[in-house]
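S.K.: Dropping in input.txt, which is compact mmCIF, C-alpha atoms and all ligand atoms:
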```
# COMPACT_ATOMS: atom_id res chain seq x y z
CA MET A 245 0.00 0.00 0.00
CA LYS A 246 2.85 2.32 0.97
CA THR A 247 4.56 1.61 -2.38
CA ARG A 248 1.35 2.48 -4.23
CA SER A 249 1.02 5.81 -2.41
CA ALA A 250 4.65 6.56 -3.11
CA SER A 251 4.14 5.85 -6.83
CA LEU A 252 1.05 8.06 -6.88
CA LEU A 253 2.97 10.85 -5.15
CA LEU A 254 5.84 10.47 -7.61
CA ALA A 255 3.43 10.64 -10.57
CA LEU A 256 1.85 13.80 -9.14
CA LEU A 257 5.28 15.35 -8.59
CA ILE A 258 6.29 14.59 -12.18
CA LEU A 259 3.06 16.12 -13.44
CA ALA A 260 3.56 19.21 -11.28
CA SER A 261 7.23 19.57 -12.20
CA GLY A 262 6.33 21.12 -15.51
CA ASN A 263 8.11 18.79 -17.91
CA ALA A 264 7.18 19.28 -21.56
CA LEU A 265 4.71 16.43 -21.81
CA SER A 266 2.79 17.31 -18.66
CA GLN A 267 2.05 20.76 -20.07
CA THR A 268 0.40 19.63 -23.28
CA SER A 269 -3.19 20.70 -23.20
CA GLY A 270 -4.78 20.01 -26.56
CA ASN A 271 -3.95 23.54 -27.66
CA PRO A 272 -2.22 22.99 -31.02
CA VAL A 273 0.10 26.00 -30.65
CA THR A 274 1.34 25.23 -27.14
CA ASP A 275 1.56 21.53 -28.00
CA LEU A 276 3.71 22.39 -31.01
CA LEU A 277 5.95 24.76 -29.05
CA LEU A 278 6.48 22.18 -26.33
CA SER A 279 7.24 19.37 -28.76
CA ALA A 280 9.40 21.27 -31.29
CA TRP A 281 13.07 20.40 -31.61
CA SER A 282 15.88 20.97 -34.10
CA PRO A 283 17.02 17.91 -36.06
CA ARG A 284 20.66 17.66 -37.14
CA ASN A 285 20.16 14.82 -39.61
CA TYR A 286 17.96 15.00 -42.70
CA THR A 287 16.79 12.86 -45.60
CA THR A 288 17.30 13.81 -49.25
CA LEU A 289 13.55 14.26 -49.88
CA PRO A 290 13.45 17.81 -51.30
CA VAL A 291 11.62 20.61 -49.53
CA THR A 292 9.16 22.08 -52.05
CA ASP A 293 9.01 25.71 -53.15
CA GLN A 294 5.39 25.82 -51.91
CA GLN A 295 6.55 24.78 -48.43
CA ILE A 296 9.27 27.45 -48.46
CA ASP A 297 6.79 30.04 -49.67
CA MET A 298 4.48 29.35 -46.70
CA ILE A 299 7.43 29.43 -44.27
CA LEU A 300 8.49 32.80 -45.70
CA GLN A 301 4.96 34.19 -45.39
CA CYS A 302 5.00 33.23 -41.71
CA GLY A 303 8.41 34.90 -41.31
CA ILE A 304 7.22 38.10 -42.97
CA LYS A 305 4.24 38.18 -40.57
CA ALA A 306 6.54 38.42 -37.53
CA PRO A 307 6.34 41.51 -35.34
CA SER A 308 9.20 44.02 -35.44
CA SER A 309 10.09 47.24 -33.68
CA ARG A 310 7.89 50.07 -35.05
CA ASN A 311 6.91 47.54 -37.72
CA GLY A 312 10.21 48.39 -39.39
CA GLN A 313 10.56 44.87 -40.86
CA PRO A 314 14.34 45.31 -41.11
CA TRP A 315 14.94 41.96 -42.78
CA HIS A 316 15.67 40.32 -46.11
CA PHE A 317 15.40 36.61 -46.90
CA THR A 318 17.71 34.75 -49.30
CA VAL A 319 16.59 31.23 -50.22
CA LEU A 320 19.46 28.88 -51.10
CA LYS A 321 18.75 25.63 -52.92
CA ASN A 322 22.03 25.17 -54.82
CA GLU A 323 23.86 22.30 -53.12
CA ALA A 324 27.40 23.56 -53.90
CA VAL A 325 26.61 27.05 -52.58
CA MET A 326 24.91 25.63 -49.47
CA LYS A 327 27.92 23.35 -48.77
CA GLU A 328 30.22 26.36 -48.70
CA ILE A 329 28.16 27.69 -45.81
CA ILE A 330 27.01 24.54 -43.97
CA PRO A 331 29.43 21.79 -45.07
CA ASN A 332 27.28 18.85 -43.89
CA ILE A 333 24.15 20.06 -45.68
CA THR A 334 21.94 17.32 -47.15
CA PRO A 335 20.77 17.58 -50.78
CA GLY A 336 17.10 18.57 -50.79
CA ASN A 337 17.56 20.89 -47.80
CA VAL A 338 17.01 24.62 -48.14
CA ILE A 339 18.88 27.35 -46.28
CA ILE A 340 17.14 30.66 -45.64
CA VAL A 341 19.67 33.41 -44.89
CA ILE A 342 18.04 36.13 -42.81
CA SER A 343 19.79 39.47 -43.29
CA GLY A 344 19.21 42.53 -41.14
CA LYS A 345 19.18 46.16 -42.16
CA LEU A 346 22.34 47.88 -40.95
CA SER A 347 21.48 49.49 -37.64
CA GLN A 348 20.11 53.00 -37.24
CA ALA A 349 19.56 54.48 -33.78
CA GLY A 350 16.34 53.22 -32.23
CA THR A 351 16.08 50.11 -34.41
CA THR A 352 16.62 46.51 -33.33
CA PRO A 353 17.38 44.54 -36.50
CA ASP A 354 19.09 41.58 -34.80
CA PHE A 355 16.21 41.14 -32.37
CA ASP A 356 13.63 41.45 -35.16
CA CYS A 357 15.56 38.97 -37.30
CA GLY A 358 15.39 36.56 -34.34
CA LEU A 359 11.62 36.91 -34.20
CA THR A 360 11.14 36.24 -37.91
CA THR A 361 13.50 33.27 -37.68
CA GLN A 362 11.56 31.74 -34.81
CA ASN A 363 8.28 32.27 -36.71
CA MET A 364 9.76 30.34 -39.64
CA PHE A 365 11.19 27.64 -37.35
CA VAL A 366 7.76 27.08 -35.83
CA ALA A 367 6.02 27.18 -39.24
CA ALA A 368 8.40 24.59 -40.71
CA THR A 369 8.00 22.33 -37.66
CA SER A 370 4.21 22.61 -37.83
CA MET A 371 4.36 21.49 -41.47
CA GLY A 372 6.15 18.26 -40.48
CA LEU A 373 9.53 19.53 -41.67
CA GLY A 374 12.68 19.74 -39.61
CA ALA A 375 14.33 23.10 -39.05
CA ARG A 376 17.50 24.20 -37.31
CA ILE A 377 18.79 27.72 -36.70
CA TYR A 378 22.48 28.31 -37.58
CA GLY A 379 24.55 31.23 -36.34
CA GLY A 380 27.97 29.53 -36.17
CA PRO A 381 28.68 29.63 -39.92
CA ILE A 382 27.27 33.15 -40.46
CA ALA A 383 30.72 34.53 -41.39
CA ALA A 384 30.70 32.34 -44.52
CA ALA A 385 27.36 33.87 -45.57
CA ARG A 386 28.64 37.40 -44.86
CA GLU A 387 31.69 36.78 -47.07
CA LYS A 388 29.34 35.74 -49.88
CA ARG A 389 26.98 38.71 -49.51
CA GLU A 390 27.45 39.86 -53.10
CA ALA A 391 27.38 36.37 -54.64
CA LEU A 392 24.15 35.70 -52.70
CA GLN A 393 22.72 38.95 -54.12
CA ILE A 394 21.86 40.28 -50.68
CA PRO A 395 20.77 43.91 -51.16
CA GLU A 396 23.01 46.81 -50.24
CA GLY A 397 22.53 47.89 -46.64
CA PHE A 398 21.73 44.38 -45.34
CA THR A 399 24.06 41.91 -43.66
CA PRO A 400 23.44 38.22 -42.82
CA VAL A 401 22.37 37.82 -39.18
CA ILE A 402 21.23 34.20 -38.88
CA MET A 403 20.22 31.23 -41.04
CA LEU A 404 17.48 28.62 -40.96
CA ARG A 405 18.08 25.16 -42.37
CA VAL A 406 14.91 23.35 -43.44
CA GLY A 407 14.63 19.73 -44.51
CA ASN A 408 12.76 16.48 -44.31
CA PHE A 409 13.82 14.07 -41.59
CA GLU A 410 13.03 10.56 -40.37
CA LYS A 411 10.07 10.89 -38.02
CA GLY A 412 9.91 8.94 -34.79
CA THR A 413 11.96 11.09 -32.46
CA ASP A 414 9.96 13.11 -29.95
CA ALA A 415 10.88 16.32 -28.17
CA VAL A 416 11.85 14.52 -24.98
CA SER A 417 14.52 12.39 -26.66
CA GLY A 418 15.31 14.77 -29.53
CA ALA A 419 15.42 18.22 -28.02
CA SER A 420 18.31 19.58 -26.02
CA PRO A 421 17.34 19.71 -22.33
CA ARG A 422 16.10 23.02 -20.95
CA LYS A 423 16.92 24.61 -17.64
CA ALA A 424 14.40 24.06 -14.86
CA LYS A 425 11.68 26.68 -14.49
CA GLU A 426 12.87 27.38 -10.95
CA GLU A 427 16.30 28.35 -12.33
CA VAL A 428 15.12 30.87 -14.90
CA VAL A 429 11.82 32.31 -13.64
CA ASN A 430 10.97 34.63 -10.75
CA TRP A 431 7.56 36.07 -10.04
CA VAL A 432 6.85 39.36 -8.32
CA LYS A 433 3.23 39.20 -7.12
C1 LIG B 501 20.99 32.15 -32.36
C2 LIG B 501 21.14 30.65 -32.56
C3 LIG B 501 22.27 30.17 -33.19
C4 LIG B 501 22.41 28.79 -33.39
N1 LIG B 501 23.50 28.33 -34.08
C5 LIG B 501 23.66 27.01 -34.28
C6 LIG B 501 24.79 26.52 -35.01
O1 LIG B 501 25.64 27.28 -35.46
N2 LIG B 501 24.90 25.18 -35.18
C7 LIG B 501 23.96 24.30 -34.71
O2 LIG B 501 24.10 23.10 -34.90
N3 LIG B 501 22.85 24.75 -34.03
C8 LIG B 501 22.70 26.07 -33.81
N4 LIG B 501 21.58 26.53 -33.14
C9 LIG B 501 20.56 25.58 -32.69
C10 LIG B 501 20.60 25.40 -31.19
O3 LIG B 501 21.73 24.66 -30.82
C11 LIG B 501 19.29 24.71 -30.78
O4 LIG B 501 18.24 25.60 -31.07
C12 LIG B 501 19.25 24.38 -29.31
O5 LIG B 501 20.28 23.47 -28.98
C13 LIG B 501 17.93 23.76 -28.94
O6 LIG B 501 17.78 22.56 -29.65
P1 LIG B 501 16.36 21.84 -29.76
O7 LIG B 501 15.48 22.78 -30.54
O8 LIG B 501 16.64 20.57 -30.54
O9 LIG B 501 15.87 21.59 -28.40
C14 LIG B 501 21.41 27.90 -32.94
C15 LIG B 501 20.26 28.41 -32.32
C16 LIG B 501 20.12 29.76 -32.13
C17 LIG B 501 18.86 30.30 -31.47
```
Rewrite the structure from the file as structure tokens, please.

M.R.:
Amino acid sequence: MKTRSASLLLALLILASGNALSQTSGNPVTDLLLSAWSPRNYTTLPVTDQQIDMILQCGIKAPSSRNGQPWHFTVLKNEAVMKEIIPNITPGNVIIVISGKLSQAGTTPDFDCGLTTQNMFVAATSMGLGARIYGGPIAAAREKREALQIPEGFTPVIMLRVGNFEKGTDAVSGASPRKAKEEVVNWVK
């Protein structure tokens, strides 16, 4: 009997601890946010232009400071060009380079580029695609600014890799662990 109570208590504690699965509520947006993760390995099934178009629309819809929309999107599909930026890219993947407008006082291009990137990450994930944000190799994209035909006055800030991936991994085993709520949240009531 004692063991049963202990198990029940443990189950309640796990539920209350706020892990990703315990917070799913049937709300498709929160469910998606809590189950999203960033695959590293992709299949060669090509991402379609229609899928990229929808992802871009969702990126363009992102909020930005004073609605300045200080961003430009460059869609890379050429495998050789993509490999010069992300060497382990898989054929069929697409890289979206998000460039920000060079800063003027009172504008927040890097922050706004982050918001549009996250919108596109979530959109791609919701469409059953994998997506991973890349900042590490951004220097390679900056060096290629002219070859990538990025307009004058914009510089690459961040990239989003989009591809198809083998399904079957869930957020608990696939996602990188997050810090505990207690570590990163304080309330002032
Ligand atoms: C600004 C930024 C830069 C990132 N740069 C890289 C990168 O260069 N290479 C990489 O493999 N992942 C990169 N990531 C992906 C993160 O490592 C990933 O989002 C994080 O580990 C969470 O993974 P999960 O979504 O699978 O839980 C970047 C993410 C962000 C937000």

S.K.: Of the candidates A:Leu392, A:Val325, A:Ala383, A:Met403, which shows the shortest atom-to-atom distance to A:Ile342, using all atoms listed in the file?

M.R.: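 Of A:Leu392, A:Val325, A:Ala383, A:Met403, the one nearest A:Ile342 is A:Met403, counting all atoms listed in the file.
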
S.K.: Show which residues sit within 9 Å of A:Leu289, as a PyMOL selection string. Count all atoms listed in the file, and ignore same-chain residues fewer than 2 positions away.

M.R.: chain A and resi 286-287+291+335-337+407-409

S.K.: Find the spatial neighbours of A:Gly358, counting all atoms listed in the file, within a cut-off of 8 Å - ignore same-chain residues fewer than 4 positions away - and output them as a list in words.

M.R.: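 Counting all atoms listed in the file, the residues come to Asp354, Gln362 and Ile402 of chain A.
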
S.K.: Interatomic distance between atom CA of A:Cys357 and atom CA of A:Ile333?

M.R.: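 Computed distance, atom CA of A:Cys357 to atom CA of A:Ile333, equals 22.4 Å.
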
S.K.: Please tell me which residues are no farther than 12 Å from (11.4, 26.0, -36.8) in the file, counting all atoms listed in the file, and write them as a PDB file with C-alpha atoms, in the coordinates of the input.

M.R.:
```pdb
ATOM      1  CA  LEU A 276       3.710  22.390 -31.010  1.00  0.00           C
ATOM      2  CA  LEU A 277       5.950  24.760 -29.050  1.00  0.00           C
ATOM      3  CA  SER A 279       7.240  19.370 -28.760  1.00  0.00           C
ATOM      4  CA  ALA A 280       9.400  21.270 -31.290  1.00  0.00           C
ATOM      5  CA  TRP A 281      13.070  20.400 -31.610  1.00  0.00           C
ATOM      6  CA  SER A 282      15.880  20.970 -34.100  1.00  0.00           C
ATOM      7  CA  PRO A 283      17.020  17.910 -36.060  1.00  0.00           C
ATOM      8  CA  ILE A 296       9.270  27.450 -48.460  1.00  0.00           C
ATOM      9  CA  ILE A 299       7.430  29.430 -44.270  1.00  0.00           C
ATOM     10  CA  LEU A 300       8.490  32.800 -45.700  1.00  0.00           C
ATOM     11  CA  CYS A 302       5.000  33.230 -41.710  1.00  0.00           C
ATOM     12  CA  GLY A 303       8.410  34.900 -41.310  1.00  0.00           C
ATOM     13  CA  ILE A 340      17.140  30.660 -45.640  1.00  0.00           C
ATOM     14  CA  GLY A 358      15.390  36.560 -34.340  1.00  0.00           C
ATOM     15  CA  LEU A 359      11.620  36.910 -34.200  1.00  0.00           C
ATOM     16  CA  THR A 360      11.140  36.240 -37.910  1.00  0.00           C
ATOM     17  CA  THR A 361      13.500  33.270 -37.680  1.00  0.00           C
ATOM     18  CA  GLN A 362      11.560  31.740 -34.810  1.00  0.00           C
ATOM     19  CA  ASN A 363       8.280  32.270 -36.710  1.00  0.00           C
ATOM     20  CA  MET A 364       9.760  30.340 -39.640  1.00  0.00           C
ATOM     21  CA  PHE A 365      11.190  27.640 -37.350  1.00  0.00           C
ATOM     22  CA  VAL A 366       7.760  27.080 -35.830  1.00  0.00           C
ATOM     23  CA  ALA A 367       6.020  27.180 -39.240  1.00  0.00           C
ATOM     24  CA  ALA A 368       8.400  24.590 -40.710  1.00  0.00           C
ATOM     25  CA  THR A 369       8.000  22.330 -37.660  1.00  0.00           C
ATOM     26  CA  SER A 370       4.210  22.610 -37.830  1.00  0.00           C
ATOM     27  CA  MET A 371       4.360  21.490 -41.470  1.00  0.00           C
ATOM     28  CA  GLY A 372       6.150  18.260 -40.480  1.00  0.00           C
ATOM     29  CA  LEU A 373       9.530  19.530 -41.670  1.00  0.00           C
ATOM     30  CA  GLY A 374      12.680  19.740 -39.610  1.00  0.00           C
ATOM     31  CA  ALA A 375      14.330  23.100 -39.050  1.00  0.00           C
ATOM     32  CA  ARG A 376      17.500  24.200 -37.310  1.00  0.00           C
ATOM     33  CA  ILE A 377      18.790  27.720 -36.700  1.00  0.00           C
ATOM     34  CA  TYR A 378      22.480  28.310 -37.580  1.00  0.00           C
ATOM     35  CA  MET A 403      20.220  31.230 -41.040  1.00  0.00           C
ATOM     36  CA  LEU A 404      17.480  28.620 -40.960  1.00  0.00           C
ATOM     37  CA  ARG A 405      18.080  25.160 -42.370  1.00  0.00           C
ATOM     38  CA  VAL A 406      14.910  23.350 -43.440  1.00  0.00           C
ATOM     39  CA  GLY A 407      14.630  19.730 -44.510  1.00  0.00           C
TER      40      GLY A 407
END
```

S.K.: Quick one: distance from atom CA of A:Leu346 to atom CA of A:Pro400 in Å, one decimal?

M.R.: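 Rounded to one decimal, the two atoms are 9.9 Å apart.
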